[in-house]
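Okay, structure first, notes after.
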Amino acid sequence: MFLDYKILKYLRTLRRENDVSENLRGWEWYREPVRPITDMVKLSVADISNRYCSTMRDIYLKYVANINARPSFSMIWGKAIHETFRSILETARKMLTEGEIMTGSELLEKFYEDNIIEVTIDLVLKNILKDRGELDNSDSQFSKIRKACINLAKFLLLQLASKIDVELAKNRMSIDLASRVLPFFTEFKIDGSLIGLKDCLKVDILYHNIVIELKCGKPEPFHKLALTGYALAIESDLEIPVDYGVLIYVNFSNGKLIPKIRVVPVVIDDELRKEFLELRDSAMEIILHERDPGLSESCPQDCPYITYCRGG
């Protein structure tokens with residue numbers, strides 16, 4: 001929905017200028033540098049790419065000290081946004097696939113008349129907060145998350161309705177409408193075990209051979225590493241080249257919590273691949289040798305491990 005022809009053309013132009021070395025493809029999993037230093041450790045892409053902790057002490061605390069950290073508010077917020085995105089679009093896909101052809105306005109009417117938006121968001125939040133007790137329905141933070149998710153759902157549906165009407169205006173009444181307006185997979189499952197990752201990774205969105213990650217908050221340089229990890233995993237599992245990805249930043253204006261979407265195209269080049277693989281091996285060394293890498297010079301306040309490192 002957010003990848004127009006200009007972005008795709010830009011990515012292809014960048015790809016021609018940045019050829020990927022064969023020895024850095026995921027299908028080269030059996031030899032260095034793609035081959036992991038051990039088969040005894042399996043990590044998630046987030047373990048490696050979320051480098052808010054510069055020393056990687058979060059890896060030590062999670063895998064060696066076995067600390068089950070309580071999710072921070074920003075982590076709950078991010079999960080809610082991800083699940084809203086997936087749930088609303090998959091619900092719409094199901095409607096378009098199983099029912100009769102409907103216009104964009106008819107799709108919107110269906111969501112509003114049956115109160116599907118609120119029901120879906122409440123279910124999303126219930127599943128995220130289940131048995132955790134961080135927030136409840138009377139909590140102002142809960143209300144803020146719920147409002148943001150509902151606004152995002154409405155925004156996505158308006159975008160989708162517009163795209164449906166564009167397709168129908170082309171007199172494509174006999175086409176598979178769902179595949180035209182939602183030509184991607186959400187939470188696409190990949191086995192990353194050949195390159196030292198977990199065997200059930202979930203890519204936020206896979207559009208052909210373009211990996212797409214949803215992010216909340218301010219952009220960070222290491223966000224590109226998440227795309228890189230999934231690209232390497234797909235190459236190792238499916239043996240298809242993944243040369244570029246897209247970061248979609250979902251943020252909200254103050255007050256009315258209106259969604260603001262920013263799309264950032266990324267070429268998954270040699271430099272990013274080397275950086276991801278080096279971080280993977282460093283994380284594995286910390287776990288194998290049970291080595292505490294020490295405190296970072298600065299810790300983000302919403303780090304789930306901050307009380308273990310800084311006290312309080």
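Convention: chains lettered A, B, ... in structure tokens order; per-chain residue numbering from 1; ligands numbered from 1 as shown.
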
(message) Env of stretch 23-27 of chain A: 9 Å cut, atoms = only C-alpha atoms, seq-sep filter 6 positions within chain, self excluded. Answer as a list in words.
(response)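 The contact residues come out as Pro33, Val34, Arg35, Leu194, Ile195, Ala231, Leu232, Ala233, Ile234, Glu235, Ser236, Asp237, Leu238, Glu239, Ile240, Pro241, Val242, Asp270, Arg273 and Lys274 of chain A.
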
Write the residues of the preceding selection, restricted to all heavy atoms, as a compact mmCIF listing (two decimals), in the first residue's frame.
```txt
# COMPACT_ATOMS: atom_id res chain seq x y z
N PRO A 33 31.87 -15.73 5.55
CA PRO A 33 31.52 -15.21 6.89
C PRO A 33 30.06 -15.46 7.28
O PRO A 33 29.66 -15.10 8.38
CB PRO A 33 31.78 -13.72 6.74
CG PRO A 33 31.43 -13.43 5.32
CD PRO A 33 31.86 -14.64 4.53
N VAL A 34 29.27 -16.06 6.39
CA VAL A 34 27.85 -16.26 6.70
C VAL A 34 27.67 -17.40 7.71
O VAL A 34 26.78 -17.34 8.56
CB VAL A 34 27.05 -16.55 5.41
CG1 VAL A 34 25.57 -16.75 5.73
CG2 VAL A 34 27.22 -15.42 4.40
N ARG A 35 28.53 -18.38 7.66
CA ARG A 35 28.43 -19.50 8.58
C ARG A 35 28.60 -19.02 10.02
O ARG A 35 29.56 -18.33 10.35
CB ARG A 35 29.50 -20.54 8.26
CG ARG A 35 29.47 -21.76 9.18
CD ARG A 35 30.55 -22.75 8.77
NE ARG A 35 30.57 -23.91 9.66
CZ ARG A 35 31.38 -24.95 9.51
NH1 ARG A 35 32.25 -24.96 8.51
NH2 ARG A 35 31.33 -25.96 10.34
N LEU A 194 19.91 -21.97 9.65
CA LEU A 194 21.16 -22.23 8.93
C LEU A 194 22.19 -21.12 9.15
O LEU A 194 23.39 -21.36 9.01
CB LEU A 194 20.90 -22.39 7.43
CG LEU A 194 20.16 -23.66 7.01
CD1 LEU A 194 19.84 -23.62 5.51
CD2 LEU A 194 20.97 -24.91 7.34
N ILE A 195 21.73 -19.93 9.49
CA ILE A 195 22.67 -18.82 9.72
C ILE A 195 22.69 -18.39 11.19
O ILE A 195 23.03 -17.26 11.50
CB ILE A 195 22.37 -17.62 8.80
CG1 ILE A 195 20.95 -17.09 9.03
CG2 ILE A 195 22.58 -17.99 7.34
CD1 ILE A 195 20.69 -15.75 8.33
N ALA A 231 16.70 -10.56 5.36
CA ALA A 231 17.15 -10.83 3.99
C ALA A 231 18.07 -12.04 3.95
O ALA A 231 17.92 -12.94 3.11
CB ALA A 231 17.86 -9.61 3.42
N LEU A 232 19.04 -12.09 4.86
CA LEU A 232 19.96 -13.23 4.92
C LEU A 232 19.22 -14.53 5.23
O LEU A 232 19.51 -15.59 4.65
CB LEU A 232 21.03 -12.97 5.97
CG LEU A 232 22.10 -11.94 5.61
CD1 LEU A 232 22.85 -11.47 6.84
CD2 LEU A 232 23.08 -12.52 4.59
N ALA A 233 18.24 -14.45 6.12
CA ALA A 233 17.48 -15.65 6.49
C ALA A 233 16.65 -16.16 5.31
O ALA A 233 16.59 -17.37 5.05
CB ALA A 233 16.57 -15.34 7.68
N ILE A 234 16.02 -15.26 4.59
CA ILE A 234 15.23 -15.65 3.41
C ILE A 234 16.13 -16.29 2.36
O ILE A 234 15.79 -17.32 1.76
CB ILE A 234 14.48 -14.44 2.83
CG1 ILE A 234 13.38 -13.98 3.80
CG2 ILE A 234 13.88 -14.77 1.47
CD1 ILE A 234 12.74 -12.67 3.44
N GLU A 235 17.29 -15.68 2.14
CA GLU A 235 18.23 -16.24 1.16
C GLU A 235 18.70 -17.63 1.56
O GLU A 235 18.87 -18.51 0.70
CB GLU A 235 19.42 -15.30 0.99
CG GLU A 235 19.06 -14.00 0.27
CD GLU A 235 20.22 -13.01 0.20
OE1 GLU A 235 21.23 -13.23 0.89
OE2 GLU A 235 20.10 -12.01 -0.54
N SER A 236 18.91 -17.84 2.86
CA SER A 236 19.38 -19.16 3.31
C SER A 236 18.27 -20.20 3.24
O SER A 236 18.52 -21.38 2.96
CB SER A 236 19.91 -19.07 4.75
OG SER A 236 18.85 -18.85 5.67
N ASP A 237 17.04 -19.78 3.49
CA ASP A 237 15.91 -20.72 3.54
C ASP A 237 15.31 -20.98 2.17
O ASP A 237 15.07 -22.13 1.79
CB ASP A 237 14.85 -20.16 4.48
CG ASP A 237 13.74 -21.16 4.77
OD1 ASP A 237 13.95 -22.37 4.58
OD2 ASP A 237 12.65 -20.72 5.19
N LEU A 238 15.07 -19.93 1.40
CA LEU A 238 14.37 -20.05 0.12
C LEU A 238 15.28 -19.94 -1.09
O LEU A 238 14.85 -20.21 -2.21
CB LEU A 238 13.27 -18.98 0.03
CG LEU A 238 12.24 -18.97 1.15
CD1 LEU A 238 11.21 -17.87 0.93
CD2 LEU A 238 11.55 -20.33 1.26
N GLU A 239 16.53 -19.50 -0.86
CA GLU A 239 17.52 -19.35 -1.93
C GLU A 239 17.03 -18.42 -3.04
O GLU A 239 17.19 -18.70 -4.24
CB GLU A 239 17.94 -20.71 -2.48
CG GLU A 239 18.64 -21.58 -1.45
CD GLU A 239 19.45 -22.71 -2.06
OE1 GLU A 239 19.38 -22.90 -3.29
OE2 GLU A 239 20.16 -23.39 -1.29
N ILE A 240 16.43 -17.31 -2.63
CA ILE A 240 16.09 -16.25 -3.56
C ILE A 240 16.79 -14.98 -3.09
O ILE A 240 16.92 -14.75 -1.89
CB ILE A 240 14.56 -16.01 -3.65
CG1 ILE A 240 13.98 -15.64 -2.28
CG2 ILE A 240 13.86 -17.24 -4.22
CD1 ILE A 240 12.52 -15.24 -2.33
N PRO A 241 17.30 -14.17 -4.00
CA PRO A 241 18.02 -12.96 -3.59
C PRO A 241 17.09 -11.90 -3.02
O PRO A 241 16.00 -11.67 -3.54
CB PRO A 241 18.66 -12.48 -4.90
CG PRO A 241 17.77 -13.00 -5.97
CD PRO A 241 17.25 -14.32 -5.46
N VAL A 242 17.52 -11.28 -1.94
CA VAL A 242 16.79 -10.15 -1.36
C VAL A 242 17.77 -8.98 -1.31
O VAL A 242 18.66 -8.94 -0.47
CB VAL A 242 16.27 -10.48 0.06
CG1 VAL A 242 15.49 -9.29 0.62
CG2 VAL A 242 15.38 -11.72 0.03
N ASP A 270 26.69 -4.91 0.93
CA ASP A 270 27.74 -5.67 1.61
C ASP A 270 28.03 -5.14 3.01
O ASP A 270 28.25 -5.91 3.95
CB ASP A 270 29.03 -5.63 0.78
CG ASP A 270 28.97 -6.54 -0.43
OD1 ASP A 270 27.90 -7.12 -0.68
OD2 ASP A 270 30.00 -6.69 -1.12
N ARG A 273 25.44 -6.26 5.50
CA ARG A 273 25.53 -7.71 5.71
C ARG A 273 26.72 -8.05 6.62
O ARG A 273 26.60 -8.88 7.53
CB ARG A 273 25.65 -8.43 4.36
CG ARG A 273 24.36 -8.36 3.54
CD ARG A 273 24.57 -8.75 2.08
NE ARG A 273 23.33 -8.61 1.33
CZ ARG A 273 22.48 -9.61 1.06
NH1 ARG A 273 22.77 -10.84 1.46
NH2 ARG A 273 21.37 -9.39 0.39
N LYS A 274 27.83 -7.44 6.38
CA LYS A 274 29.01 -7.68 7.22
C LYS A 274 28.75 -7.26 8.65
O LYS A 274 29.12 -7.97 9.60
CB LYS A 274 30.22 -6.92 6.67
CG LYS A 274 30.77 -7.46 5.36
CD LYS A 274 31.90 -6.58 4.85
CE LYS A 274 32.43 -7.07 3.51
NZ LYS A 274 33.49 -6.15 2.98
```

Please provide the set of residues having any atom within 10 Å of stretch 68-82 of chain A, restricted to only C-alpha atoms, with same-chain residues fewer than 2 positions apart removed, written as a PDB file with N, CA, C and O atoms, in the first residue's frame.
```pdb
ATOM      1  N   ASP A  58      22.556  -6.575  27.028  1.00  0.00           N
ATOM      2  CA  ASP A  58      21.203  -7.129  26.986  1.00  0.00           C
ATOM      3  C   ASP A  58      21.231  -8.604  26.575  1.00  0.00           C
ATOM      4  O   ASP A  58      20.430  -9.407  27.068  1.00  0.00           O
ATOM      5  N   LEU A  61      22.336 -10.542  29.729  1.00  0.00           N
ATOM      6  CA  LEU A  61      21.289 -10.614  30.741  1.00  0.00           C
ATOM      7  C   LEU A  61      20.169 -11.570  30.319  1.00  0.00           C
ATOM      8  O   LEU A  61      19.606 -12.289  31.138  1.00  0.00           O
ATOM      9  N   LYS A  62      19.861 -11.589  29.031  1.00  0.00           N
ATOM     10  CA  LYS A  62      18.771 -12.435  28.545  1.00  0.00           C
ATOM     11  C   LYS A  62      19.162 -13.912  28.470  1.00  0.00           C
ATOM     12  O   LYS A  62      18.422 -14.782  28.939  1.00  0.00           O
ATOM     13  N   TYR A  63      20.339 -14.204  27.896  1.00  0.00           N
ATOM     14  CA  TYR A  63      20.687 -15.589  27.595  1.00  0.00           C
ATOM     15  C   TYR A  63      21.613 -16.249  28.628  1.00  0.00           C
ATOM     16  O   TYR A  63      21.631 -17.466  28.731  1.00  0.00           O
ATOM     17  N   ALA A  65      22.325 -14.668  32.105  1.00  0.00           N
ATOM     18  CA  ALA A  65      21.738 -14.447  33.432  1.00  0.00           C
ATOM     19  C   ALA A  65      20.279 -14.902  33.508  1.00  0.00           C
ATOM     20  O   ALA A  65      19.706 -14.970  34.590  1.00  0.00           O
ATOM     21  N   ASN A  66      19.708 -15.190  32.331  1.00  0.00           N
ATOM     22  CA  ASN A  66      18.323 -15.684  32.247  1.00  0.00           C
ATOM     23  C   ASN A  66      17.320 -14.758  32.929  1.00  0.00           C
ATOM     24  O   ASN A  66      16.431 -15.193  33.666  1.00  0.00           O
ATOM     25  N   THR A  84      -1.929  -4.219  15.211  1.00  0.00           N
ATOM     26  CA  THR A  84      -3.028  -3.494  14.568  1.00  0.00           C
ATOM     27  C   THR A  84      -2.868  -3.534  13.055  1.00  0.00           C
ATOM     28  O   THR A  84      -3.821  -3.829  12.320  1.00  0.00           O
ATOM     29  N   PHE A  85      -1.675  -3.248  12.600  1.00  0.00           N
ATOM     30  CA  PHE A  85      -1.380  -3.257  11.173  1.00  0.00           C
ATOM     31  C   PHE A  85      -1.725  -4.625  10.574  1.00  0.00           C
ATOM     32  O   PHE A  85      -2.430  -4.727   9.566  1.00  0.00           O
ATOM     33  N   ARG A  86      -1.244  -5.678  11.217  1.00  0.00           N
ATOM     34  CA  ARG A  86      -1.448  -7.027  10.686  1.00  0.00           C
ATOM     35  C   ARG A  86      -2.927  -7.421  10.751  1.00  0.00           C
ATOM     36  O   ARG A  86      -3.497  -7.906   9.765  1.00  0.00           O
ATOM     37  N   SER A  87      -3.551  -7.218  11.892  1.00  0.00           N
ATOM     38  CA  SER A  87      -4.923  -7.693  12.094  1.00  0.00           C
ATOM     39  C   SER A  87      -5.921  -7.003  11.173  1.00  0.00           C
ATOM     40  O   SER A  87      -6.797  -7.656  10.582  1.00  0.00           O
ATOM     41  N   ILE A 121      -9.201  -4.087  17.709  1.00  0.00           N
ATOM     42  CA  ILE A 121      -8.183  -3.427  18.528  1.00  0.00           C
ATOM     43  C   ILE A 121      -8.240  -3.916  19.966  1.00  0.00           C
ATOM     44  O   ILE A 121      -7.204  -4.169  20.602  1.00  0.00           O
ATOM     45  N   VAL A 124      -6.612  -7.239  20.105  1.00  0.00           N
ATOM     46  CA  VAL A 124      -5.164  -7.074  19.981  1.00  0.00           C
ATOM     47  C   VAL A 124      -4.555  -6.702  21.327  1.00  0.00           C
ATOM     48  O   VAL A 124      -3.576  -7.311  21.781  1.00  0.00           O
ATOM     49  N   LEU A 125      -5.124  -5.709  21.985  1.00  0.00           N
ATOM     50  CA  LEU A 125      -4.586  -5.246  23.264  1.00  0.00           C
ATOM     51  C   LEU A 125      -4.754  -6.288  24.364  1.00  0.00           C
ATOM     52  O   LEU A 125      -3.874  -6.454  25.210  1.00  0.00           O
ATOM     53  N   LYS A 126      -5.853  -7.007  24.335  1.00  0.00           N
ATOM     54  CA  LYS A 126      -6.072  -8.058  25.326  1.00  0.00           C
ATOM     55  C   LYS A 126      -4.992  -9.136  25.214  1.00  0.00           C
ATOM     56  O   LYS A 126      -4.445  -9.607  26.222  1.00  0.00           O
ATOM     57  N   ASN A 127      -4.664  -9.520  23.977  1.00  0.00           N
ATOM     58  CA  ASN A 127      -3.648 -10.552  23.773  1.00  0.00           C
ATOM     59  C   ASN A 127      -2.256 -10.064  24.176  1.00  0.00           C
ATOM     60  O   ASN A 127      -1.455 -10.822  24.724  1.00  0.00           O
ATOM     61  N   ILE A 128      -1.969  -8.801  23.910  1.00  0.00           N
ATOM     62  CA  ILE A 128      -0.655  -8.248  24.252  1.00  0.00           C
ATOM     63  C   ILE A 128      -0.473  -8.125  25.756  1.00  0.00           C
ATOM     64  O   ILE A 128       0.594  -8.433  26.307  1.00  0.00           O
ATOM     65  N   LEU A 129      -1.527  -7.706  26.445  1.00  0.00           N
ATOM     66  CA  LEU A 129      -1.432  -7.424  27.873  1.00  0.00           C
ATOM     67  C   LEU A 129      -1.823  -8.607  28.751  1.00  0.00           C
ATOM     68  O   LEU A 129      -1.781  -8.511  29.970  1.00  0.00           O
ATOM     69  N   ARG A 132       0.017  -9.952  32.077  1.00  0.00           N
ATOM     70  CA  ARG A 132       1.181  -9.112  32.358  1.00  0.00           C
ATOM     71  C   ARG A 132       0.876  -8.061  33.419  1.00  0.00           C
ATOM     72  O   ARG A 132       1.716  -7.737  34.236  1.00  0.00           O
ATOM     73  N   GLU A 134       0.555  -4.847  33.139  1.00  0.00           N
ATOM     74  CA  GLU A 134       1.168  -3.521  33.059  1.00  0.00           C
ATOM     75  C   GLU A 134       0.113  -2.415  32.972  1.00  0.00           C
ATOM     76  O   GLU A 134       0.258  -1.346  33.532  1.00  0.00           O
ATOM     77  N   LEU A 135      -0.970  -2.701  32.230  1.00  0.00           N
ATOM     78  CA  LEU A 135      -1.983  -1.693  31.997  1.00  0.00           C
ATOM     79  C   LEU A 135      -3.363  -2.308  32.177  1.00  0.00           C
ATOM     80  O   LEU A 135      -3.545  -3.514  32.052  1.00  0.00           O
ATOM     81  N   GLN A 141      -2.489   5.312  29.979  1.00  0.00           N
ATOM     82  CA  GLN A 141      -1.595   4.787  28.949  1.00  0.00           C
ATOM     83  C   GLN A 141      -2.335   3.814  28.045  1.00  0.00           C
ATOM     84  O   GLN A 141      -2.147   3.809  26.835  1.00  0.00           O
ATOM     85  N   PHE A 142      -3.185   2.979  28.647  1.00  0.00           N
ATOM     86  CA  PHE A 142      -3.991   2.058  27.845  1.00  0.00           C
ATOM     87  C   PHE A 142      -4.868   2.851  26.881  1.00  0.00           C
ATOM     88  O   PHE A 142      -4.990   2.509  25.699  1.00  0.00           O
ATOM     89  N   LYS A 144      -4.405   5.768  25.657  1.00  0.00           N
ATOM     90  CA  LYS A 144      -3.593   6.380  24.604  1.00  0.00           C
ATOM     91  C   LYS A 144      -3.245   5.356  23.531  1.00  0.00           C
ATOM     92  O   LYS A 144      -3.336   5.642  22.326  1.00  0.00           O
ATOM     93  N   ILE A 145      -2.833   4.164  23.943  1.00  0.00           N
ATOM     94  CA  ILE A 145      -2.503   3.121  22.974  1.00  0.00           C
ATOM     95  C   ILE A 145      -3.736   2.758  22.151  1.00  0.00           C
ATOM     96  O   ILE A 145      -3.673   2.627  20.925  1.00  0.00           O
ATOM     97  N   ARG A 146      -4.865   2.590  22.824  1.00  0.00           N
ATOM     98  CA  ARG A 146      -6.096   2.198  22.133  1.00  0.00           C
ATOM     99  C   ARG A 146      -6.505   3.250  21.101  1.00  0.00           C
ATOM    100  O   ARG A 146      -6.878   2.913  19.974  1.00  0.00           O
ATOM    101  N   ALA A 148      -4.572   5.448  19.590  1.00  0.00           N
ATOM    102  CA  ALA A 148      -3.603   5.452  18.492  1.00  0.00           C
ATOM    103  C   ALA A 148      -3.860   4.287  17.542  1.00  0.00           C
ATOM    104  O   ALA A 148      -3.811   4.447  16.313  1.00  0.00           O
ATOM    105  N   CYS A 149      -4.158   3.105  18.089  1.00  0.00           N
ATOM    106  CA  CYS A 149      -4.408   1.923  17.261  1.00  0.00           C
ATOM    107  C   CYS A 149      -5.674   2.080  16.432  1.00  0.00           C
ATOM    108  O   CYS A 149      -5.710   1.701  15.247  1.00  0.00           O
ATOM    109  N   ILE A 150      -6.721   2.638  17.024  1.00  0.00           N
ATOM    110  CA  ILE A 150      -7.968   2.867  16.283  1.00  0.00           C
ATOM    111  C   ILE A 150      -7.746   3.867  15.163  1.00  0.00           C
ATOM    112  O   ILE A 150      -8.207   3.671  14.028  1.00  0.00           O
ATOM    113  N   LEU A 152      -4.922   4.459  13.629  1.00  0.00           N
ATOM    114  CA  LEU A 152      -4.113   3.790  12.608  1.00  0.00           C
ATOM    115  C   LEU A 152      -4.981   2.875  11.755  1.00  0.00           C
ATOM    116  O   LEU A 152      -4.844   2.839  10.529  1.00  0.00           O
ATOM    117  N   ALA A 153      -5.881   2.131  12.393  1.00  0.00           N
ATOM    118  CA  ALA A 153      -6.777   1.231  11.660  1.00  0.00           C
ATOM    119  C   ALA A 153      -7.623   2.005  10.652  1.00  0.00           C
ATOM    120  O   ALA A 153      -7.777   1.594   9.493  1.00  0.00           O
ATOM    121  N   GLU A 187       3.649 -11.064   8.524  1.00  0.00           N
ATOM    122  CA  GLU A 187       4.244 -12.066   9.420  1.00  0.00           C
ATOM    123  C   GLU A 187       4.622 -13.340   8.656  1.00  0.00           C
ATOM    124  O   GLU A 187       4.253 -14.444   9.027  1.00  0.00           O
ATOM    125  N   ASP A 204       7.826  -8.838   9.146  1.00  0.00           N
ATOM    126  CA  ASP A 204       6.618  -8.010   9.265  1.00  0.00           C
ATOM    127  C   ASP A 204       5.791  -8.071   7.987  1.00  0.00           C
ATOM    128  O   ASP A 204       4.609  -8.387   8.006  1.00  0.00           O
ATOM    129  N   GLU A 213       9.856  -3.660   7.247  1.00  0.00           N
ATOM    130  CA  GLU A 213       9.795  -3.632   8.708  1.00  0.00           C
ATOM    131  C   GLU A 213       9.030  -2.400   9.167  1.00  0.00           C
ATOM    132  O   GLU A 213       9.255  -1.286   8.678  1.00  0.00           O
ATOM    133  N   LEU A 214       8.121  -2.601  10.119  1.00  0.00           N
ATOM    134  CA  LEU A 214       7.429  -1.476  10.749  1.00  0.00           C
ATOM    135  C   LEU A 214       8.223  -1.040  11.971  1.00  0.00           C
ATOM    136  O   LEU A 214       8.658  -1.879  12.768  1.00  0.00           O
ATOM    137  N   LYS A 215       8.393   0.253  12.117  1.00  0.00           N
ATOM    138  CA  LYS A 215       9.111   0.794  13.265  1.00  0.00           C
ATOM    139  C   LYS A 215       8.336   1.946  13.873  1.00  0.00           C
ATOM    140  O   LYS A 215       7.667   2.706  13.159  1.00  0.00           O
ATOM    141  N   CYS A 216       8.440   2.075  15.184  1.00  0.00           N
ATOM    142  CA  CYS A 216       7.846   3.204  15.897  1.00  0.00           C
ATOM    143  C   CYS A 216       8.981   4.016  16.526  1.00  0.00           C
ATOM    144  O   CYS A 216      10.068   3.499  16.767  1.00  0.00           O
ATOM    145  N   GLY A 217       8.713   5.268  16.798  1.00  0.00           N
ATOM    146  CA  GLY A 217       9.753   6.100  17.405  1.00  0.00           C
ATOM    147  C   GLY A 217      10.683   6.698  16.366  1.00  0.00           C
ATOM    148  O   GLY A 217      10.437   6.635  15.160  1.00  0.00           O
ATOM    149  N   VAL A 250       5.968   4.379  11.748  1.00  0.00           N
ATOM    150  CA  VAL A 250       4.608   4.737  12.127  1.00  0.00           C
ATOM    151  C   VAL A 250       4.676   5.531  13.423  1.00  0.00           C
ATOM    152  O   VAL A 250       5.001   4.989  14.483  1.00  0.00           O
ATOM    153  N   ASN A 251       4.398   6.806  13.338  1.00  0.00           N
ATOM    154  CA  ASN A 251       4.399   7.662  14.517  1.00  0.00           C
ATOM    155  C   ASN A 251       3.099   8.455  14.561  1.00  0.00           C
ATOM    156  O   ASN A 251       2.300   8.419  13.621  1.00  0.00           O
ATOM    157  N   GLN A 301      16.097   5.156  28.703  1.00  0.00           N
ATOM    158  CA  GLN A 301      15.266   5.017  29.898  1.00  0.00           C
ATOM    159  C   GLN A 301      14.199   3.929  29.769  1.00  0.00           C
ATOM    160  O   GLN A 301      13.729   3.394  30.767  1.00  0.00           O
ATOM    161  N   ASP A 302      13.823   3.593  28.526  1.00  0.00           N
ATOM    162  CA  ASP A 302      12.800   2.573  28.355  1.00  0.00           C
ATOM    163  C   ASP A 302      13.384   1.189  28.083  1.00  0.00           C
ATOM    164  O   ASP A 302      12.671   0.276  27.678  1.00  0.00           O
ATOM    165  N   CYS A 303      14.677   1.011  28.320  1.00  0.00           N
ATOM    166  CA  CYS A 303      15.286  -0.310  28.177  1.00  0.00           C
ATOM    167  C   CYS A 303      14.704  -1.231  29.250  1.00  0.00           C
ATOM    168  O   CYS A 303      14.675  -0.875  30.433  1.00  0.00           O
ATOM    169  N   PRO A 304      14.233  -2.424  28.896  1.00  0.00           N
ATOM    170  CA  PRO A 304      13.634  -3.316  29.902  1.00  0.00           C
ATOM    171  C   PRO A 304      14.629  -3.823  30.940  1.00  0.00           C
ATOM    172  O   PRO A 304      14.226  -4.337  31.983  1.00  0.00           O
ATOM    173  N   TYR A 305      15.934  -3.668  30.677  1.00  0.00           N
ATOM    174  CA  TYR A 305      16.957  -4.154  31.602  1.00  0.00           C
ATOM    175  C   TYR A 305      17.592  -3.048  32.423  1.00  0.00           C
ATOM    176  O   TYR A 305      18.556  -3.291  33.159  1.00  0.00           O
ATOM    177  N   ILE A 306      17.083  -1.832  32.333  1.00  0.00           N
ATOM    178  CA  ILE A 306      17.771  -0.704  32.949  1.00  0.00           C
ATOM    179  C   ILE A 306      17.879  -0.851  34.470  1.00  0.00           C
ATOM    180  O   ILE A 306      18.891  -0.448  35.066  1.00  0.00           O
ATOM    181  N   THR A 307      16.893  -1.439  35.115  1.00  0.00           N
ATOM    182  CA  THR A 307      16.976  -1.595  36.581  1.00  0.00           C
ATOM    183  C   THR A 307      18.069  -2.592  36.987  1.00  0.00           C
ATOM    184  O   THR A 307      18.626  -2.479  38.074  1.00  0.00           O
ATOM    185  N   TYR A 308      18.391  -3.538  36.110  1.00  0.00           N
ATOM    186  CA  TYR A 308      19.438  -4.504  36.398  1.00  0.00           C
ATOM    187  C   TYR A 308      20.838  -3.892  36.199  1.00  0.00           C
ATOM    188  O   TYR A 308      21.796  -4.294  36.855  1.00  0.00           O
TER     189      TYR A 308
END
```

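For the set A:Ser143, A:Thr103, A:Ser179, A:Ser49, the residue with the smallest atom-to-atom gap to A:Asp122 is A:Ser143, counting only C-alpha atoms.
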
(request) Tell me, in Å to one decimal, how far atom CA of A:Ile59 is from atom CA of A:Ile287. (result)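 Computing it gives 7.5 Å between the two atoms.
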
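Minimum atom-to-atom distances from A:Arg93, A:Arg12, A:Lys110, A:Lys198 to A:Val181 were compared using only C-alpha atoms, and the lowest value belongs to A:Arg93.
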
(request) Tell me which protein, DNA and RNA residues are within 12 Å of A:Lys224, counting only C-alpha atoms, leaving out same-chain ones fewer than 3 positions away, and put them as number ranges by chain. (result) A: 45-46, 48-51, 211-215, 219-221, 227-231, 244-248, 264-269, 271-273, 275-276

Hey, can you spit out that residue selection with C-alpha atoms as an mmCIF file, in the first residue's frame?
```cif
data_model
loop_
_atom_site.group_PDB
_atom_site.id
_atom_site.type_symbol
_atom_site.label_atom_id
_atom_site.label_comp_id
_atom_site.auth_asym_id
_atom_site.auth_seq_id
_atom_site.Cartn_x
_atom_site.Cartn_y
_atom_site.Cartn_z
ATOM 1 C CA VAL A 45 16.816 -10.892 14.425
ATOM 2 C CA ALA A 46 15.829 -8.384 17.119
ATOM 3 C CA ILE A 48 21.134 -8.758 16.991
ATOM 4 C CA SER A 49 19.675 -5.683 15.327
ATOM 5 C CA ASN A 50 18.198 -3.788 18.296
ATOM 6 C CA ARG A 51 21.462 -2.198 19.361
ATOM 7 C CA VAL A 211 11.408 -7.168 3.150
ATOM 8 C CA ILE A 212 9.456 -4.514 5.017
ATOM 9 C CA GLU A 213 9.795 -3.632 8.708
ATOM 10 C CA LEU A 214 7.429 -1.476 10.749
ATOM 11 C CA LYS A 215 9.111 0.794 13.265
ATOM 12 C CA PRO A 219 14.803 6.389 13.169
ATOM 13 C CA GLU A 220 18.017 4.689 14.252
ATOM 14 C CA PRO A 221 20.938 3.604 12.021
ATOM 15 C CA LEU A 227 16.014 -5.797 7.212
ATOM 16 C CA THR A 228 19.462 -7.294 6.692
ATOM 17 C CA GLY A 229 18.883 -10.174 9.088
ATOM 18 C CA TYR A 230 15.612 -11.134 7.451
ATOM 19 C CA ALA A 231 17.146 -10.832 3.991
ATOM 20 C CA TYR A 244 16.521 -4.288 -0.755
ATOM 21 C CA GLY A 245 14.012 -3.556 1.927
ATOM 22 C CA VAL A 246 11.834 -0.791 3.278
ATOM 23 C CA LEU A 247 11.454 0.707 6.740
ATOM 24 C CA ILE A 248 7.979 2.072 7.456
ATOM 25 C CA VAL A 264 12.541 4.727 3.918
ATOM 26 C CA PRO A 265 13.959 2.518 1.130
ATOM 27 C CA VAL A 266 17.139 0.601 1.985
ATOM 28 C CA VAL A 267 19.617 -1.295 -0.174
ATOM 29 C CA ILE A 268 20.850 -4.355 1.725
ATOM 30 C CA ASP A 269 24.461 -4.047 0.618
ATOM 31 C CA GLU A 271 28.383 -3.221 4.440
ATOM 32 C CA LEU A 272 25.096 -3.969 6.185
ATOM 33 C CA ARG A 273 25.528 -7.713 5.712
ATOM 34 C CA GLU A 275 27.848 -5.598 10.176
ATOM 35 C CA PHE A 276 24.926 -7.923 10.923
#
```
